[in-house]
>>> print(open('entry-v4.txt').read())   # compact mmCIF, C-alpha atoms
# COMPACT_ATOMS: atom_id res chain seq x y z
CA MET A 13 0.00 0.00 0.00
CA GLU A 14 2.99 2.36 0.46
CA THR A 15 4.15 2.00 -3.16
CA MET A 16 0.84 1.30 -4.95
CA THR A 17 -2.11 3.63 -5.40
CA PHE A 18 -4.66 0.79 -5.07
CA PRO A 19 -4.63 -2.78 -3.70
CA ARG A 20 -3.98 -5.73 -5.99
CA TYR A 21 -6.71 -8.36 -6.05
CA SER A 22 -6.16 -12.03 -6.71
CA PRO A 23 -7.69 -13.54 -9.87
CA ASP A 24 -10.23 -15.50 -7.80
CA ASP A 25 -11.39 -12.34 -6.02
CA ILE A 26 -11.65 -10.51 -9.34
CA ILE A 27 -13.74 -13.31 -10.88
CA SER A 28 -16.06 -13.49 -7.86
CA TYR A 29 -16.50 -9.70 -7.84
CA LEU A 30 -17.22 -9.66 -11.58
CA ARG A 31 -19.81 -12.38 -11.15
CA SER A 32 -21.56 -10.69 -8.22
CA HIS A 33 -21.37 -6.98 -9.16
CA ILE A 34 -20.57 -6.46 -12.85
CA LEU A 35 -22.05 -9.32 -14.86
CA GLU A 36 -25.59 -10.68 -14.75
CA GLY A 37 -27.47 -13.80 -15.76
CA ALA A 38 -25.78 -16.27 -18.09
CA GLU A 39 -22.70 -14.05 -18.45
CA ALA A 40 -21.98 -14.36 -14.70
CA ARG A 41 -22.71 -18.10 -14.63
CA ASN A 42 -20.53 -18.92 -17.65
CA LEU A 43 -17.53 -16.79 -16.58
CA VAL A 44 -14.46 -18.92 -15.82
CA LYS A 45 -11.01 -17.93 -14.60
CA SER A 46 -9.37 -19.29 -17.76
CA ASP A 47 -11.52 -16.97 -19.89
CA VAL A 48 -9.81 -13.89 -18.43
CA PHE A 49 -6.37 -15.02 -17.22
CA GLY A 50 -3.74 -17.32 -18.73
CA ASN A 51 -4.94 -17.66 -22.31
CA PRO A 52 -7.80 -15.13 -22.23
CA LYS A 53 -10.64 -15.08 -24.69
CA LEU A 54 -10.74 -11.68 -26.31
CA GLU A 55 -14.52 -11.61 -26.69
CA VAL A 56 -15.00 -12.36 -22.94
CA LEU A 57 -12.48 -9.69 -21.89
CA HIS A 58 -14.02 -7.18 -24.30
CA MET A 59 -17.47 -8.03 -22.90
CA ILE A 60 -16.22 -7.40 -19.30
CA TYR A 61 -14.70 -4.06 -20.32
CA LEU A 62 -17.94 -3.12 -22.07
CA ARG A 63 -20.07 -3.98 -19.02
CA ILE A 64 -17.75 -1.89 -16.79
CA LEU A 65 -18.12 1.04 -19.20
CA GLN A 66 -21.91 0.60 -19.17
CA LYS A 67 -21.97 0.69 -15.36
CA MET A 68 -19.47 3.51 -14.75
CA CYS A 69 -19.77 5.80 -17.80
CA GLY A 70 -23.28 5.04 -19.09
CA ILE A 71 -21.98 3.89 -22.47
CA ARG A 72 -24.42 1.74 -24.41
CA VAL A 73 -23.61 -1.25 -26.62
CA GLU A 74 -24.43 0.57 -29.85
CA HIS A 75 -21.79 3.22 -29.05
CA ALA A 76 -19.09 0.62 -29.69
CA TYR A 77 -20.27 0.19 -33.30
CA MET A 78 -20.83 3.86 -34.18
CA MET A 79 -18.66 5.62 -36.73
CA PRO A 80 -17.47 9.15 -35.77
CA LEU A 81 -19.41 11.78 -37.71
CA ASN A 82 -16.86 14.61 -37.43
CA VAL A 83 -14.34 12.84 -39.68
CA ASP A 84 -14.66 12.21 -43.44
CA ILE A 85 -13.74 8.60 -44.12
CA MET A 86 -13.51 7.57 -47.74
CA TYR A 87 -13.94 3.83 -47.27
CA PRO A 88 -15.91 3.17 -44.01
CA GLN A 89 -16.37 -0.51 -44.85
CA ILE A 90 -12.65 -1.00 -44.22
CA HIS A 91 -13.13 0.00 -40.54
CA GLU A 92 -16.13 -2.23 -39.76
CA GLY A 93 -14.11 -5.05 -38.25
CA PHE A 94 -11.73 -2.81 -36.29
CA LEU A 95 -14.33 -0.22 -35.16
CA PRO A 96 -15.60 -2.00 -31.95
CA VAL A 97 -12.04 -2.62 -30.76
CA CYS A 98 -11.03 0.98 -31.51
CA ASN A 99 -14.08 2.43 -29.70
CA LEU A 100 -13.48 0.12 -26.72
CA TYR A 101 -9.86 1.26 -26.54
CA ILE A 102 -10.89 4.95 -26.75
CA HIS A 103 -13.46 4.63 -23.93
CA MET A 104 -11.12 2.55 -21.74
CA GLU A 105 -8.35 5.07 -22.28
CA ARG A 106 -10.72 7.77 -20.94
CA LEU A 107 -11.81 5.68 -17.94
CA LEU A 108 -8.52 4.23 -16.71
CA PRO A 109 -6.76 7.57 -15.85
CA MET A 110 -9.52 8.12 -13.29
CA CYS A 111 -8.54 4.70 -11.86
CA ARG A 112 -4.87 5.88 -11.55
CA ILE A 113 -3.78 3.80 -14.56
CA ASN A 114 -1.97 5.76 -17.26
CA ASP A 115 -0.21 3.10 -19.36
CA PHE A 116 -3.14 1.46 -21.11
CA GLN A 117 -2.32 0.56 -24.72
CA ILE A 118 -4.09 -0.91 -27.74
CA ALA A 119 -2.05 -4.08 -27.23
CA ASP A 120 -3.86 -4.62 -23.92
CA VAL A 121 -7.08 -4.99 -25.93
CA LEU A 122 -5.73 -6.99 -28.86
CA SER A 123 -3.25 -9.28 -27.05
CA PRO A 124 -3.69 -8.87 -23.26
CA LYS A 125 -1.18 -10.12 -20.72
CA THR A 126 -2.14 -11.65 -17.38
CA LYS A 127 -0.23 -9.30 -15.03
CA ARG A 128 -1.37 -6.16 -16.80
CA THR A 129 -4.97 -7.43 -16.98
CA VAL A 130 -4.90 -8.17 -13.21
CA ARG A 131 -3.56 -4.65 -12.52
CA PHE A 132 -6.15 -3.02 -14.79
CA LEU A 133 -9.06 -4.97 -13.30
CA SER A 134 -7.80 -4.30 -9.73
CA GLY A 135 -7.70 -0.56 -10.42
CA ILE A 136 -11.16 -0.65 -12.02
CA LEU A 137 -12.67 -2.63 -9.10
CA ASN A 138 -11.07 -0.24 -6.59
CA PHE A 139 -12.56 2.73 -8.48
CA VAL A 140 -15.99 1.01 -8.60
CA ASN A 141 -15.91 0.46 -4.82
CA PHE A 142 -14.79 4.05 -4.24
CA SER A 143 -17.51 5.46 -6.51
CA GLU A 144 -20.22 3.36 -4.77
CA PHE A 145 -18.98 4.52 -1.35
CA ARG A 146 -18.95 8.17 -2.42
CA ARG A 147 -22.37 7.71 -4.03
CA GLU A 148 -23.79 6.47 -0.72
CA ALA A 149 -22.19 9.44 1.11
CA TYR A 150 -23.60 11.84 -1.48
CA LEU A 151 -27.07 10.28 -1.17
CA GLU A 152 -26.90 10.62 2.64
CA LEU A 153 -25.84 14.25 2.24
CA GLN A 154 -28.66 14.82 -0.24
CA GLN A 155 -31.16 13.20 2.14
CA SER A 156 -29.98 15.34 5.07
CA TYR A 157 -30.17 18.44 2.86
CA LYS A 158 -33.69 17.45 1.82
CA LEU A 159 -34.74 16.96 5.47
CA ALA A 160 -33.21 20.32 6.40
CA MET A 161 -35.11 22.01 3.58
CA GLU A 162 -38.37 20.33 4.67
CA LYS A 163 -37.73 21.44 8.26
CA LYS A 164 -37.00 24.94 7.04
CA GLN A 165 -40.24 25.00 5.01
CA HIS A 166 -42.18 23.70 8.04
CA LEU A 167 -40.66 26.36 10.30
CA GLU A 168 -41.41 29.04 7.72
CA ALA A 169 -45.03 27.83 7.54
CA VAL A 170 -45.28 27.88 11.36
CA ASN A 171 -43.73 31.34 11.37
CA ARG A 172 -46.24 32.56 8.81
CA GLU A 173 -49.13 31.08 10.81
CA ALA A 174 -47.85 32.75 14.00
CA THR A 175 -47.52 36.10 12.23
CA LEU A 176 -51.06 35.72 10.86
CA LYS A 177 -52.38 34.96 14.35
CA LEU A 178 -50.55 38.00 15.73
CA GLU A 179 -51.99 40.16 12.97
CA LYS A 180 -55.47 38.80 13.71
CA LEU A 181 -55.04 39.50 17.42
CA ASN A 182 -53.58 42.95 16.84
CA THR A 183 -55.90 44.02 14.06
CA ILE A 184 -59.52 44.99 14.69
CA PRO A 185 -62.13 44.20 12.05
CA ALA A 186 -63.36 47.20 10.11
CA GLU A 187 -66.97 46.45 11.11
CA HIS A 188 -66.27 46.79 14.84
CA GLU A 189 -63.66 49.55 14.81
CA ALA A 190 -66.15 52.39 15.40
CA GLU A 191 -67.99 50.44 18.10
CA ILE A 192 -64.76 49.49 19.85
CA LYS A 193 -63.57 53.11 19.71
CA GLN A 194 -66.85 54.31 21.21
CA LEU A 195 -66.70 51.63 23.90
CA THR A 196 -63.11 52.48 24.80
CA GLU A 197 -63.92 56.19 24.95
CA SER A 198 -67.05 55.57 27.07
CA ILE A 199 -65.07 53.25 29.36
CA ARG A 200 -62.39 55.90 29.81
CA GLU A 201 -64.99 58.60 30.51
CA LEU A 202 -66.80 56.37 33.02
CA GLU A 203 -63.53 55.49 34.70
CA GLN A 204 -62.64 59.17 35.00
CA GLN A 205 -66.12 60.08 36.31
CA LEU A 206 -66.16 57.20 38.78
CA ARG A 207 -62.72 58.06 40.03
CA GLN A 208 -63.62 61.74 40.41
CA ASP A 209 -66.96 60.99 42.21
CA TYR A 210 -65.32 58.43 44.42
CA ARG A 211 -62.49 60.78 45.36
CA ARG A 212 -64.90 63.70 45.97
CA LYS A 213 -67.29 61.68 48.15
CA GLN A 214 -64.43 60.00 49.94
CA THR A 215 -62.82 63.32 50.75
CA ALA A 216 -66.18 64.77 51.92
CA LEU A 217 -66.86 61.77 54.16
CA GLN A 218 -63.37 61.85 55.54
CA GLU A 219 -63.71 65.57 56.35
CA GLU A 220 -67.09 65.02 58.03
CA THR A 221 -65.84 62.05 60.03
CA PHE A 222 -62.73 63.93 61.06
CA GLN A 223 -64.87 66.91 62.12
CA LYS A 224 -67.36 64.71 64.07
CA LYS A 225 -64.50 62.87 65.74
CA ALA A 226 -62.97 66.22 66.74
CA ASP A 227 -66.31 67.42 68.16
CA ILE A 228 -66.84 64.17 70.04
CA ALA A 229 -63.33 64.36 71.38
CA GLU A 230 -63.94 67.91 72.57
CA ARG A 231 -67.24 66.91 74.21
CA ASN A 232 -65.64 63.93 75.88
CA GLN A 233 -62.81 66.13 77.08
CA LYS A 234 -65.34 68.59 78.56
CA LEU A 235 -67.28 65.74 80.22
CA ASN A 236 -64.10 64.35 81.65
CA GLU A 237 -63.16 67.79 82.95
CA CYS A 238 -66.63 68.15 84.46
CA LYS A 239 -66.37 64.72 86.07
CA VAL A 240 -62.96 65.62 87.44
CA SER A 241 -64.31 68.96 88.77
CA LEU A 242 -67.34 67.17 90.36
CA ALA A 243 -65.04 64.70 92.03
CA ALA A 244 -62.83 67.55 93.27
CA LEU A 245 -65.88 69.47 94.52
CA LYS A 246 -67.17 66.38 96.31
CA GLU A 247 -63.83 65.93 97.98
CA GLU A 248 -63.76 69.60 98.96
CA LYS A 249 -67.34 69.31 100.26
CA GLU A 250 -66.44 66.35 102.42
CA GLN A 251 -63.35 68.10 103.66
CA LEU A 252 -65.31 71.23 104.45
CA LYS A 253 -68.03 69.25 106.17
CA SER A 254 -65.48 67.63 108.36
CA LYS A 255 -63.74 70.92 109.21
CA ILE A 256 -66.47 73.49 109.30
CA VAL A 257 -69.79 73.48 111.05
CA GLU A 258 -72.17 74.53 108.35
CA SER A 259 -74.69 77.32 108.87
CA PRO A 260 -78.13 76.84 107.30
CA GLU A 261 -77.79 79.90 105.06
CA GLU A 262 -74.45 78.85 103.70
CA GLY A 263 -75.78 75.39 103.22
CA LYS A 264 -78.69 76.71 101.28
CA SER A 265 -76.51 78.95 99.15
CA TYR A 266 -74.12 76.12 98.56
CA ASN A 267 -76.96 73.80 97.64
CA GLU A 268 -78.41 76.36 95.24
CA MET A 269 -74.98 76.80 93.65
CA MET A 270 -74.61 73.06 93.33
CA LYS A 271 -78.09 72.81 91.80
CA GLU A 272 -77.16 75.43 89.23
CA LYS A 273 -73.97 73.52 88.40
CA ILE A 274 -76.02 70.32 88.08
CA LYS A 275 -78.46 72.08 85.75
CA LYS A 276 -75.52 73.31 83.68
CA LEU A 277 -74.11 69.79 83.58
CA LYS A 278 -77.53 68.39 82.56
CA LYS A 279 -77.76 70.96 79.77
CA GLU A 280 -74.27 70.05 78.59
CA LYS A 281 -75.19 66.37 78.80
CA GLN A 282 -78.36 66.97 76.81
CA GLU A 283 -76.37 68.89 74.19
CA ALA A 284 -73.87 65.99 74.04
CA THR A 285 -76.72 63.49 73.59
CA GLU A 286 -78.20 65.65 70.82
CA GLU A 287 -74.82 65.80 69.11
CA TYR A 288 -74.53 62.04 69.54
CA GLU A 289 -77.95 61.54 67.96
CA ARG A 290 -76.95 63.73 65.01
CA TYR A 291 -73.78 61.70 64.61
CA ARG A 292 -75.86 58.51 64.85
CA ASP A 293 -78.15 59.82 62.09
CA LEU A 294 -75.09 60.46 59.95
CA VAL A 295 -73.91 56.94 60.70
CA ASP A 296 -77.33 55.66 59.63
CA VAL A 297 -76.87 57.49 56.32
CA LEU A 298 -73.53 55.67 55.79
CA PRO A 299 -75.09 52.37 54.42
CA SER A 300 -76.47 54.17 51.35
CA CYS A 301 -73.03 55.65 50.78
CA GLN A 302 -71.56 52.22 51.32
CA ALA A 303 -74.00 50.80 48.72
CA GLU A 304 -72.85 53.42 46.24
CA LEU A 305 -69.29 52.59 47.15
CA GLN A 306 -70.03 48.92 46.58
CA LEU A 307 -71.45 49.74 43.15
CA TYR A 308 -68.31 51.67 42.40
CA GLN A 309 -66.27 48.74 43.69
CA LYS A 310 -68.20 46.33 41.45
CA LYS A 311 -67.56 48.58 38.49
CA MET A 312 -63.91 48.71 39.47
CA GLU A 313 -63.89 44.90 39.75
CA ILE A 314 -65.41 44.64 36.26
CA GLN A 315 -62.77 47.06 35.06
CA GLY A 316 -60.14 44.89 36.79
CA GLU A 317 -61.52 41.80 35.05
CA ASN A 318 -61.25 43.64 31.74
CA VAL A 319 -57.70 44.57 32.65
CA GLU A 320 -57.01 40.91 33.51
CA ARG A 321 -58.46 39.85 30.17
CA LEU A 322 -56.27 42.42 28.47
CA ALA A 323 -53.32 41.06 30.45
CA GLY A 324 -54.25 37.51 29.32
CA VAL A 325 -54.38 38.66 25.71
CA LEU A 326 -51.05 40.39 26.17
CA SER A 327 -49.60 37.22 27.74
CA GLU A 328 -50.87 35.19 24.76
CA ILE A 329 -49.27 37.75 22.46
CA ARG A 330 -46.04 37.41 24.42
CA ASN A 331 -46.22 33.63 24.20
CA LEU A 332 -46.78 33.87 20.48
CA GLU A 333 -43.88 36.29 20.24
CA ASP A 334 -41.73 33.84 22.24
CA GLN A 335 -42.81 31.05 19.89
CA LEU A 336 -42.04 33.32 16.96
CA GLU A 337 -38.61 34.07 18.39
CA SER A 338 -37.97 30.36 19.01
CA SER A 339 -39.13 29.53 15.49
CA GLN A 340 -36.88 32.30 14.16
CA VAL A 341 -33.97 30.86 16.16
CA GLU A 342 -34.72 27.41 14.75
CA LEU A 343 -35.01 28.99 11.31
CA LYS A 344 -31.62 30.62 11.79
CA LYS A 345 -30.22 27.25 12.85
CA ALA A 346 -31.80 25.65 9.81
CA ASN A 347 -30.34 28.43 7.65
CA ALA A 348 -26.93 27.83 9.24
CA ASP A 349 -27.29 24.08 8.59
CA GLU A 350 -28.37 24.89 5.06
CA MET A 351 -25.36 27.17 4.57
CA SER A 352 -23.03 24.47 5.91
CA LEU A 353 -24.66 21.91 3.63
CA LYS A 354 -24.41 24.34 0.74
CA ARG A 355 -20.72 24.83 1.52
CA VAL A 356 -20.20 21.07 1.56
CA VAL A 357 -22.15 20.77 -1.70
CA THR A 358 -20.15 23.61 -3.26
CA ALA A 359 -16.93 21.92 -2.12
CA LYS A 360 -18.13 18.66 -3.67
CA ARG A 361 -19.13 20.52 -6.81
CA GLU A 362 -15.74 22.20 -6.94
CA LYS A 363 -14.09 18.80 -6.62
CA LEU A 364 -16.37 17.48 -9.34
CA ALA A 365 -15.57 20.55 -11.44
CA THR A 366 -11.84 19.96 -11.01
CA ALA A 367 -12.35 16.29 -11.87
CA GLU A 368 -14.42 17.32 -14.91
CA ILE A 369 -11.69 19.79 -15.91
CA GLN A 370 -9.12 17.02 -15.63
CA LEU A 371 -11.39 14.73 -17.63
CA GLN A 372 -11.90 17.51 -20.16
CA LYS A 373 -8.13 17.92 -20.44
CA LYS A 374 -7.75 14.16 -20.90
CA ARG A 375 -10.51 14.21 -23.49
CA GLU A 376 -8.88 17.13 -25.27
CA ASP A 377 -5.56 15.27 -25.25
CA ILE A 378 -7.36 12.20 -26.56
CA GLU A 379 -9.12 14.29 -29.18
CA LEU A 380 -5.81 15.85 -30.20
CA HIS A 381 -4.22 12.41 -30.40
CA LYS A 382 -7.26 11.20 -32.30
CA CYS A 383 -7.04 14.17 -34.68
CA ALA A 384 -3.34 13.50 -35.18
CA VAL A 385 -4.10 9.83 -35.91
CA LEU A 386 -6.89 10.83 -38.27
CA GLU A 387 -4.63 13.36 -40.00
CA HIS A 388 -1.98 10.66 -40.39
CA PHE A 389 -4.67 8.33 -41.65
CA ASN A 390 -5.90 10.98 -44.09
CA LYS A 391 -2.34 11.52 -45.29
CA VAL A 392 -2.00 7.77 -45.77
CA GLN A 393 -5.30 7.81 -47.62
CA GLU A 394 -4.07 10.68 -49.76
CA LYS A 395 -0.83 8.83 -50.46
CA ARG A 396 -2.84 5.73 -51.19
CA GLY A 397 -5.05 7.75 -53.56
CA ALA A 398 -1.96 9.15 -55.27
CA VAL A 399 -0.51 5.63 -55.58
CA CYS A 400 -3.85 4.38 -56.92
CA ASP A 401 -3.86 7.22 -59.43
CA LYS A 402 -0.32 6.32 -60.44
CA VAL A 403 -1.29 2.63 -60.72
CA MET A 404 -4.30 3.57 -62.85
CA ALA A 405 -2.09 5.75 -65.05
CA ILE A 406 0.43 2.92 -65.36
CA ARG A 407 -2.38 0.50 -66.16
CA LYS A 408 -3.64 2.91 -68.79
CA GLU A 409 -0.13 3.19 -70.23
CA ILE A 410 0.21 -0.62 -70.19
CA LYS A 411 -3.12 -0.91 -71.91
CA GLN A 412 -2.03 1.68 -74.47
CA LYS A 413 1.25 -0.20 -74.98
CA LYS A 414 -0.65 -3.45 -75.40
CA ASP A 415 -2.91 -1.78 -77.91
CA GLN A 416 0.12 -0.44 -79.74
CA ILE A 417 1.73 -3.90 -79.61
CA GLU A 418 -1.42 -5.48 -80.99
CA GLN A 419 -1.54 -2.86 -83.73
CA LEU A 420 2.11 -3.50 -84.51
CA GLU A 421 1.51 -7.27 -84.54
CA GLU A 422 -1.42 -6.78 -86.89
CA LYS A 423 0.71 -4.59 -89.12
CA ALA A 424 3.53 -7.18 -88.96
CA GLU A 425 1.11 -9.96 -89.90
CA GLU A 426 -0.19 -7.91 -92.83
CA LYS A 427 3.38 -7.20 -93.91
CA ALA A 428 4.26 -10.92 -93.52
CA LYS A 429 1.26 -11.90 -95.58
CA LYS A 430 2.24 -9.38 -98.23
CA ALA A 431 5.82 -10.65 -98.12
CA LYS A 432 4.59 -14.24 -98.51
CA VAL A 433 2.54 -13.25 -101.55
CA ARG A 434 5.48 -11.38 -103.05
CA CYS A 435 7.80 -14.27 -102.36
CA PHE A 436 5.28 -16.66 -103.87
CA PHE A 437 4.94 -14.62 -107.01
CA PHE A 438 8.64 -14.01 -107.12
CA PHE A 439 9.40 -17.65 -106.64
CA PHE A 440 7.06 -18.93 -109.28
CA PHE A 441 7.40 -16.22 -111.88
CA THR A 442 11.20 -15.63 -111.86
CA PRO A 443 13.92 -18.03 -113.15
CA PRO A 444 15.45 -20.10 -110.44
CA LYS A 445 18.76 -19.12 -109.02
CA SER A 446 20.24 -21.42 -106.50
CA SER A 447 22.10 -18.72 -104.68
CA TYR A 448 19.01 -16.49 -104.31
CA ILE A 449 16.50 -19.08 -103.01
CA PRO A 450 18.03 -19.59 -99.56
CA VAL A 451 18.15 -15.84 -99.02
CA VAL A 452 14.42 -15.53 -99.81
CA VAL A 453 13.53 -18.45 -97.59
CA SER A 454 15.52 -17.00 -94.69
CA SER A 455 13.79 -13.62 -95.13
CA VAL A 456 10.36 -15.26 -95.19
CA SER A 457 11.12 -17.32 -92.06
CA ALA A 458 12.32 -14.14 -90.26
CA ALA A 459 9.08 -12.42 -91.17
CA PHE A 460 7.10 -15.25 -89.65
>>> encode(input="entry-v4.txt", output="structure tokens")
Amino acid sequence: METMTFPRYSPDDIISYLRSHILEGAEARNLVKSDVFGNPKLEVLHMIYLRILQKMCGIRVEHAYMMPLNVDIMYPQIHEGFLPVCNLYIHMERLLPMCRINDFQIADVLSPKTKRTVRFLSGILNFVNFSEFRREAYLELQQSYKLAMEKKQHLEAVNREATLKLEKLNTIPAEHEAEIKQLTESIRELEQQLRQDYRRKQTALQEETFQKKADIAERNQKLNECKVSLAALKEEKEQLKSKIVESPEEGKSYNEMMKEKIKKLKKEKQEATEEYERYRDLVDVLPSCQAELQLYQKKMEIQGENVERLAGVLSEIRNLEDQLESSQVELKKANADEMSLKRVVTAKREKLATAEIQLQKKREDIELHKCAVLEHFNKVQEKRGAVCDKVMAIRKEIKQKKDQIEQLEEKAEEKAKKAKVRCFFFFFFTPPKSSYIPVVVSSVSAAF
């Protein structure tokens, strides 16, 4: 693990993994170790590569047999047999750099070797496991993000409902606004009047009671003084009786004086009783005042109940405000969770963007290599076309030469026939010369 970028799997592990995760049905049942390793079957190995591409890159089977449309190919029927292998090599060359394998060659598709095939399949299986693990993590992240969004929507709905309730509690319907204003104004006026009447009557009663108490205190003080003076006079009388022998005239005068004092005391007592009766009459009047006070107290109690109701409404409003604040706090927490999730998602997207950029660079390199190969192929095609043109020109020249040769042969035959006729006429119509005959015969044979 210190020197390699991915673990090496044994052939048995690779075969079992291919059977359980990559292949399906009859392909998984018929897969044997000897089909991939040792003396591999190319069609089985190509089928495994194709299934891996289908699972990881979403490449379909028909993509392996499609001719590129951005290149003009003069003779596409030449590429029909090599096209699936070429497309498989192109797609595998795009996939394997993501698996940390950078030395994949066309020979690994046409004539694979066991060690390289084991390394390639180990890297591919490691990348498949990694992609499945990251897919599960991404799905969990997506699910948590979805739950957070649902919670946020629920909290926003609760917040909206609470705000609507607060608005309903705070707002007064238009139908009852005038009535409520009149009632509030009348309640305020009644409260002010009741408070003023209560204070006025209370102050008047307190003044009267204070005044009556002061008068009663004065009368009691006078009575006490009179009682004290009577006691002192009685003591003086007893003392004087014991000391002095009373004369009848002095006794009479003293008795008359005492009678006058008694009359004065009786008058004062009668005045005190009259004052007491007046005070008692005032006390008898107090129950009616107390009844009025009780009415005022009942009105004040009703007003207190209204105040308590108002306090209850205010407490409900405060509770709703507390709930609103708590929901806002939860909403802020949900927003914070959402921001953290968005940051994680943006980080993942940035990683995906970097990976896509790397893939795009690899694709561009592959496209450049492909364009270079196609340019070389086009040059070869052009050279081939030039050679074909030369061959056609040579064939035309050969044909022309043959035609010329045939014409010359025909002319030679005509000349030979004419020479034969001349020789025949010359031989039969001229005298024989032994020295001339062999020369004629030799010339005739050379013509033939």
>>> closest_residue(input="entry-v4.txt", among="A:Asn99, A:Ser22, A:Asn141, A:Gln315", to="His75 in chain A", atoms="only C-alpha atoms")
A:Asn99
>>> closest_residue(input="entry-v4.txt", among="A:Arg434, A:Arg41, A:Lys382, A:Arg396", to="Cys98 in chain A", atoms="only C-alpha atoms")
A:Lys382
>>> closest_residue(input="entry-v4.txt", among="A:Leu353, A:Val399, A:Ile27, A:Ala226", to="Ala40 in chain A", atoms="all atoms listed in the file")
A:Ile27
>>> atom_distance(input="entry-v4.txt", atom1="CA of Phe49 in chain A", atom2="CA of Gly37 in chain A")
21.2 Å
>>> atom_distance(input="entry-v4.txt", atom1="CA of Lys373 in chain A", atom2="CA of Val356 in chain A")
25.3 Å
>>> closest_residue(input="entry-v4.txt", among="A:Gly70, A:Pro96, A:Pro124, A:Gly135", to="Gly50 in chain A", atoms="only C-alpha atoms")
A:Pro124
>>> closest_residue(input="entry-v4.txt", among="A:Leu277, A:Ala190, A:Leu206, A:Leu62", to="Glu304 in chain A", atoms="only C-alpha atoms")
A:Leu206
